[in-house]
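J.: Sharing a structure, written as structure tokens. Questions coming.
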Amino acid sequence: MRSKEEIRSYIEKGNTSLGIELGSTRIKAVLIGPDHYPIASGSHGWENKLVDGIWTYDMEDIISGLQASYADLGQDVKASYGVDLETVGSMGVSAMMHGYMVFNKEEDLLVPFRTWRNTITAKASEVLIDVFNYPIPHRWSIAHLYQAILNGEDHVADISYMTTLAGLIHWKLTGKKAVGVGEASGMFPIDTKTGSYNQGMLSQFNQLVTGEKFPWDLEGILPEVLIAGEHAGTLTDTGARLLDPTGTLKSGIPFCPAEGDAGTGMTATNSVAVRTGNVSAGTSIFLMAVLERDLNEVHPEIDLVTTPAGDLVAMVHCNNCTSDIDAWAKVFSEFTEALGLEVDKPKIYDALYFEALKADKDGGGLLSYNYLSGESITSMDEGRPLFVRTPNSKFTLANFMRMNLYSLLATLRIGYDILDKSEGAKLDKLYGHGGLFITEGVGQSMMAAALVTPVSLMETAGEGGPWGMALLAAYMRNKDEGQVLEDYLSKDVFANAKESTVEPDLADIEGFKSFMELYRTGLPLEKKAIDIL
């Protein structure tokens, strides 16, 4: 057990690493000591906006949210250890993957940030899949760029730099236009042999748009690609003042490559080795499986990305997860308030989630679609949250909650079927992390039943992506000569980590199968709701 005096010494000497992650609903900063355990944290809540049909975050909100999260961290350090946070040994930033941020030569943002949540690039994705013979998801940066070209958007000719949210923050803090390979793999296909963009596909894209006569070629506007463990710049004076306007933070801090939340999730769950996988379940839900071989076919539903070390990963990404169940929890919270009861938010969630364990295994014939935004796996361009029941459905609170939990896993199951049944991809371990797993045992057991796979949680699972980013920063600073990320995590970080595993229950498996039959049958209802409403 570390004493406050020891931790204070770590902080004063800069024997620490800092990870900051801009997630979908929260910007969080986590500071770790030399033993890799968190010693302080800070956070700031925020939400995306639907503006003119585009899911986005304002640039002002991005910067102010980043500053607020860091300030909250500084306050935690001061309150806990009685010192100001003036420096750290290493740091890195991560954010929600994918999306589209483009800048001109004057470094002005040309169009509002188009996030991963947008499904407005169907035509571009279709064309690029055909040209590359490679899966290009709707949310990838290259899909957004080509869709803007197809749309004839004027801003495209003025592009000087294209990056992601993590890449933007890294650039603002260090002045370096670079991202980690895992983050880059959500912008454009990566050649895992070279650890950089696929040169053949770069040439194919430039040829595809040659008639447009743009004053740029694609490689010239993309960020540099770096592998985990490489030095990715240092905090500049300007960057230090941007992050900490009080002037307390000193410049010169070394940065590791910026990563996406998928890469930090793999790191935080020790899921970077072949045949390991993890499921991140929060605002979105995605499964990452580190592959031992290339897939046999192109599957538009399956992203091919990489670990932060550059190994090939199959990703099943669904845009919608907990947002709809969060909305229902808010309604129940308002009901308790109307009764004059003061019940805190975590207790409401626990009560509702535990109620699901009492339900009929199939959810009582209730059906819902948690689509706040579109889902490419089920070919939905937009979202309409939908709840349906028949006169014969068993409408109880328990069944209602189990239905909602099943619903947020259903699209993931459809995508996972491709890996499991069509490609025969095997996983030795599957780890879970994210908000779905906070209520002990509930989300874990539902996930195990949905994927018919044991699901493990580490004691550190609640720390999530920001902690994973801090680990990547620590790896850059502390790794031995030639030590690979997989080895560093297994031996230096997780050697003594405690974990709990839930095996799939046979009755739950059969119940989820019944729900999935109803879910697949009812998909035209969701499509009709989009068409009508």
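Chain labels follow the order of the structure tokens: the first chain is A, the next B, and so on; residue numbering restarts at 1 in every chain, and ligands are counted from 1 in their shown order.
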Considering only C-alpha atoms, return as a VMD selection string whatever protein or nucleic-acid residues lie within 9 Å of stretch 524-526 of chain A, sequence-local ones (same chain, fewer than 3 positions apart) excluded.

T.: chain A and resid 369 371 380 383 to 386 520 to 521 529 to 531

J.: Hey, can you spit out that residue selection with all heavy atoms as a CSV table (one decimal), in the first residue's frame?

T.:
chain,number,residue,atom,x,y,z
A,369,TYR,N,-35.6,-1.5,-30.1
A,369,TYR,CA,-34.4,-1.1,-30.9
A,369,TYR,C,-33.8,0.1,-30.3
A,369,TYR,O,-34.5,1.1,-30.1
A,369,TYR,CB,-34.7,-0.9,-32.4
A,369,TYR,CG,-35.3,-2.2,-33.0
A,369,TYR,CD1,-36.6,-2.5,-33.0
A,369,TYR,CD2,-34.4,-3.2,-33.5
A,369,TYR,CE1,-37.1,-3.7,-33.5
A,369,TYR,CE2,-34.8,-4.4,-34.0
A,369,TYR,CZ,-36.2,-4.6,-34.0
A,369,TYR,OH,-36.7,-5.8,-34.6
A,371,TYR,N,-31.7,2.3,-31.3
A,371,TYR,CA,-31.1,3.1,-32.3
A,371,TYR,C,-31.3,4.6,-32.2
A,371,TYR,O,-32.3,5.1,-32.8
A,371,TYR,CB,-31.5,2.6,-33.7
A,371,TYR,CG,-31.0,1.2,-34.1
A,371,TYR,CD1,-31.4,0.6,-35.3
A,371,TYR,CD2,-30.3,0.4,-33.2
A,371,TYR,CE1,-31.0,-0.6,-35.7
A,371,TYR,CE2,-29.9,-0.8,-33.6
A,371,TYR,CZ,-30.2,-1.4,-34.8
A,371,TYR,OH,-29.8,-2.6,-35.1
A,380,MET,N,-29.3,0.6,-41.3
A,380,MET,CA,-30.1,1.7,-40.9
A,380,MET,C,-29.3,3.0,-41.0
A,380,MET,O,-28.3,3.1,-40.3
A,380,MET,CB,-30.6,1.5,-39.5
A,380,MET,CG,-31.4,0.2,-39.3
A,380,MET,SD,-33.0,0.1,-40.1
A,380,MET,CE,-33.5,-1.6,-39.8
A,383,GLY,N,-31.5,6.6,-36.8
A,383,GLY,CA,-32.0,5.9,-35.7
A,383,GLY,C,-33.4,6.4,-35.2
A,383,GLY,O,-33.7,7.6,-35.3
A,384,ARG,N,-34.2,5.5,-34.8
A,384,ARG,CA,-35.5,5.8,-34.1
A,384,ARG,C,-35.6,4.8,-32.9
A,384,ARG,O,-36.0,3.7,-33.1
A,384,ARG,CB,-36.7,5.7,-35.1
A,384,ARG,CG,-36.6,6.5,-36.3
A,384,ARG,CD,-36.8,8.0,-36.0
A,384,ARG,NE,-36.9,8.8,-37.2
A,384,ARG,CZ,-35.9,9.3,-37.9
A,384,ARG,NH1,-34.6,9.1,-37.4
A,384,ARG,NH2,-36.0,10.0,-39.0
A,385,PRO,N,-35.3,5.2,-31.7
A,385,PRO,CA,-35.5,4.3,-30.6
A,385,PRO,C,-37.0,3.8,-30.6
A,385,PRO,O,-37.9,4.6,-30.7
A,385,PRO,CB,-35.2,5.2,-29.4
A,385,PRO,CG,-34.3,6.3,-29.9
A,385,PRO,CD,-34.7,6.5,-31.3
A,386,LEU,N,-37.1,2.5,-30.4
A,386,LEU,CA,-38.5,1.9,-30.6
A,386,LEU,C,-38.7,0.9,-29.6
A,386,LEU,O,-37.8,0.0,-29.3
A,386,LEU,CB,-38.5,1.3,-32.0
A,386,LEU,CG,-39.8,0.9,-32.6
A,386,LEU,CD1,-40.8,2.0,-32.8
A,386,LEU,CD2,-39.6,0.1,-33.9
A,520,ARG,N,-34.6,-10.0,-35.2
A,520,ARG,CA,-34.4,-10.0,-36.7
A,520,ARG,C,-35.7,-9.9,-37.4
A,520,ARG,O,-35.7,-9.2,-38.5
A,520,ARG,CB,-33.7,-11.3,-37.1
A,520,ARG,CG,-32.2,-11.5,-36.5
A,520,ARG,CD,-31.6,-12.8,-36.9
A,520,ARG,NE,-30.4,-13.1,-36.3
A,520,ARG,CZ,-29.2,-12.8,-36.8
A,520,ARG,NH1,-29.1,-12.2,-38.0
A,520,ARG,NH2,-28.1,-13.1,-36.2
A,521,THR,N,-36.7,-10.6,-37.0
A,521,THR,CA,-38.0,-10.5,-37.6
A,521,THR,C,-38.6,-9.1,-37.6
A,521,THR,O,-39.2,-8.6,-38.6
A,521,THR,CB,-39.0,-11.4,-36.9
A,521,THR,OG1,-38.5,-12.8,-37.0
A,521,THR,CG2,-40.4,-11.4,-37.6
A,529,ALA,N,-40.2,2.9,-39.2
A,529,ALA,CA,-40.2,4.1,-38.2
A,529,ALA,C,-39.3,5.2,-38.8
A,529,ALA,O,-39.6,6.4,-38.7
A,529,ALA,CB,-39.8,3.6,-36.8
A,530,ILE,N,-38.2,4.8,-39.3
A,530,ILE,CA,-37.3,5.8,-39.9
A,530,ILE,C,-37.9,6.5,-41.1
A,530,ILE,O,-37.8,7.7,-41.3
A,530,ILE,CB,-35.9,5.1,-40.3
A,530,ILE,CG1,-35.2,4.6,-39.1
A,530,ILE,CG2,-35.1,6.1,-41.1
A,530,ILE,CD1,-34.0,3.8,-39.4
A,531,ASP,N,-38.6,5.7,-41.9
A,531,ASP,CA,-39.2,6.2,-43.1
A,531,ASP,C,-40.4,7.2,-42.8
A,531,ASP,O,-40.6,8.2,-43.5
A,531,ASP,CB,-39.8,5.1,-44.0
A,531,ASP,CG,-38.6,4.3,-44.6
A,531,ASP,OD1,-37.5,4.8,-44.7
A,531,ASP,OD2,-38.9,3.1,-45.0

J.: Write out as number ranges by chain the residues lying within 7 Å of stretch 26-29 of chain A, counting only C-alpha atoms and excluding same-chain residues fewer than 4 positions away.

T.: A: 19-22, 41-46, 65-66, 69-70, 73, 466

J.: Could you turn the residues from that selection into a file that holds all heavy atoms, as a CSV table (one decimal), in the first residue's frame?

T.:
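Result went into selection-v2.csv, see below:
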chain,number,residue,atom,x,y,z
A,19,GLY,N,-2.8,9.9,-18.8
A,19,GLY,CA,-3.6,9.7,-20.0
A,19,GLY,C,-4.9,10.5,-19.9
A,19,GLY,O,-5.6,10.6,-18.9
A,20,ILE,N,-5.2,11.1,-21.1
A,20,ILE,CA,-6.5,11.9,-21.2
A,20,ILE,C,-7.3,11.3,-22.4
A,20,ILE,O,-6.7,11.1,-23.5
A,20,ILE,CB,-6.2,13.4,-21.4
A,20,ILE,CG1,-5.3,14.0,-20.3
A,20,ILE,CG2,-7.5,14.2,-21.6
A,20,ILE,CD1,-4.9,15.4,-20.6
A,21,GLU,N,-8.5,11.0,-22.1
A,21,GLU,CA,-9.4,10.5,-23.2
A,21,GLU,C,-10.7,11.3,-23.3
A,21,GLU,O,-11.4,11.5,-22.4
A,21,GLU,CB,-9.7,9.0,-22.9
A,21,GLU,CG,-10.5,8.4,-24.1
A,21,GLU,CD,-10.5,6.9,-24.0
A,21,GLU,OE1,-9.4,6.3,-24.4
A,21,GLU,OE2,-11.5,6.3,-23.6
A,22,LEU,N,-10.9,11.7,-24.6
A,22,LEU,CA,-12.2,12.4,-24.9
A,22,LEU,C,-13.2,11.4,-25.4
A,22,LEU,O,-13.2,11.1,-26.6
A,22,LEU,CB,-11.9,13.5,-25.9
A,22,LEU,CG,-11.1,14.7,-25.4
A,22,LEU,CD1,-9.6,14.4,-25.6
A,22,LEU,CD2,-11.4,16.0,-26.2
A,41,SER,N,-7.5,11.5,-10.6
A,41,SER,CA,-8.2,11.6,-11.8
A,41,SER,C,-9.1,12.9,-11.9
A,41,SER,O,-9.3,13.5,-10.8
A,41,SER,CB,-9.1,10.4,-12.0
A,41,SER,OG,-10.1,10.3,-11.0
A,42,GLY,N,-9.5,13.2,-13.1
A,42,GLY,CA,-10.4,14.4,-13.2
A,42,GLY,C,-11.3,14.1,-14.4
A,42,GLY,O,-10.9,13.3,-15.3
A,43,SER,N,-12.4,14.7,-14.4
A,43,SER,CA,-13.4,14.4,-15.5
A,43,SER,C,-14.2,15.7,-15.8
A,43,SER,O,-14.4,16.6,-15.0
A,43,SER,CB,-14.2,13.2,-15.2
A,43,SER,OG,-15.1,13.5,-14.2
A,44,HIS,N,-14.9,15.6,-17.0
A,44,HIS,CA,-15.8,16.6,-17.4
A,44,HIS,C,-16.8,16.0,-18.3
A,44,HIS,O,-16.5,15.3,-19.3
A,44,HIS,CB,-15.1,17.7,-18.2
A,44,HIS,CG,-16.0,18.7,-18.9
A,44,HIS,ND1,-16.6,19.7,-18.2
A,44,HIS,CD2,-16.3,18.9,-20.2
A,44,HIS,CE1,-17.3,20.4,-19.0
A,44,HIS,NE2,-17.2,20.0,-20.2
A,45,GLY,N,-18.1,16.2,-18.0
A,45,GLY,CA,-19.2,15.6,-18.8
A,45,GLY,C,-19.5,16.5,-20.0
A,45,GLY,O,-19.5,17.7,-19.9
A,46,TRP,N,-19.9,15.9,-21.1
A,46,TRP,CA,-20.3,16.6,-22.3
A,46,TRP,C,-21.2,15.7,-23.2
A,46,TRP,O,-21.2,14.5,-23.0
A,46,TRP,CB,-19.1,17.2,-23.1
A,46,TRP,CG,-18.2,16.2,-23.8
A,46,TRP,CD1,-18.0,14.9,-23.6
A,46,TRP,CD2,-17.3,16.6,-24.9
A,46,TRP,NE1,-17.1,14.4,-24.4
A,46,TRP,CE2,-16.6,15.4,-25.2
A,46,TRP,CE3,-17.0,17.7,-25.6
A,46,TRP,CZ2,-15.7,15.3,-26.3
A,46,TRP,CZ3,-16.1,17.7,-26.6
A,46,TRP,CH2,-15.5,16.5,-27.0
A,65,GLY,N,-13.7,21.6,-22.6
A,65,GLY,CA,-13.9,20.3,-21.9
A,65,GLY,C,-12.5,19.7,-21.5
A,65,GLY,O,-12.4,19.2,-20.4
A,66,LEU,N,-11.5,19.8,-22.4
A,66,LEU,CA,-10.2,19.3,-22.2
A,66,LEU,C,-9.6,20.0,-21.0
A,66,LEU,O,-9.0,19.4,-20.1
A,66,LEU,CB,-9.3,19.5,-23.4
A,66,LEU,CG,-7.9,19.1,-23.3
A,66,LEU,CD1,-7.7,17.6,-23.2
A,66,LEU,CD2,-7.1,19.7,-24.5
A,69,SER,N,-11.4,19.0,-17.6
A,69,SER,CA,-11.0,17.7,-17.2
A,69,SER,C,-9.6,17.8,-16.5
A,69,SER,O,-9.4,17.2,-15.4
A,69,SER,CB,-10.9,16.7,-18.3
A,69,SER,OG,-10.5,15.5,-17.9
A,70,TYR,N,-8.7,18.5,-17.2
A,70,TYR,CA,-7.3,18.6,-16.6
A,70,TYR,C,-7.4,19.4,-15.3
A,70,TYR,O,-6.7,19.1,-14.3
A,70,TYR,CB,-6.4,19.3,-17.6
A,70,TYR,CG,-5.0,19.4,-17.0
A,70,TYR,CD1,-4.1,18.3,-17.0
A,70,TYR,CD2,-4.5,20.6,-16.4
A,70,TYR,CE1,-2.8,18.4,-16.4
A,70,TYR,CE2,-3.3,20.6,-15.8
A,70,TYR,CZ,-2.4,19.5,-15.8
A,70,TYR,OH,-1.2,19.6,-15.2
A,73,LEU,N,-8.4,17.2,-12.5
A,73,LEU,CA,-7.3,16.4,-12.1
A,73,LEU,C,-6.4,17.1,-11.2
A,73,LEU,O,-6.0,16.6,-10.1
A,73,LEU,CB,-6.6,15.9,-13.3
A,73,LEU,CG,-5.2,15.2,-13.1
A,73,LEU,CD1,-5.5,13.8,-12.4
A,73,LEU,CD2,-4.4,15.1,-14.3
A,466,PRO,N,-8.9,6.0,-20.4
A,466,PRO,CA,-7.9,7.0,-20.0
A,466,PRO,C,-6.7,6.3,-19.2
A,466,PRO,O,-5.6,6.7,-19.4
A,466,PRO,CB,-8.7,7.9,-19.0
A,466,PRO,CG,-10.1,7.7,-19.4
A,466,PRO,CD,-10.3,6.3,-19.9

J.: Counting only C-alpha atoms, figure out which residue out of A:Ile169, A:Val127, A:Ala470, A:Ala281 gets nearest to A:Gln147.

T.: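 So, comparing all the options, the nearest one is A:Val127.
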
J.: How would you write, as a PyMOL selection string, the set of residues in stretch 3-209 of chain A that DSSP gives as strand (DSSP E)?

T.: chain A and resi 17-22+26-32+38-45+49-51+54-56+90-95+101-103+161-163+178-180+190-191+196-197

J.: List as a list in words the protein and nucleic acid residues near A:Lys13, meaning an atom at most 9 Å away when only C-alpha atoms are counted, but skip any in the same chain fewer than 4 places from it.

T.: Arg8, Ser9, Thr87, Val88 and Gly89 of chain A
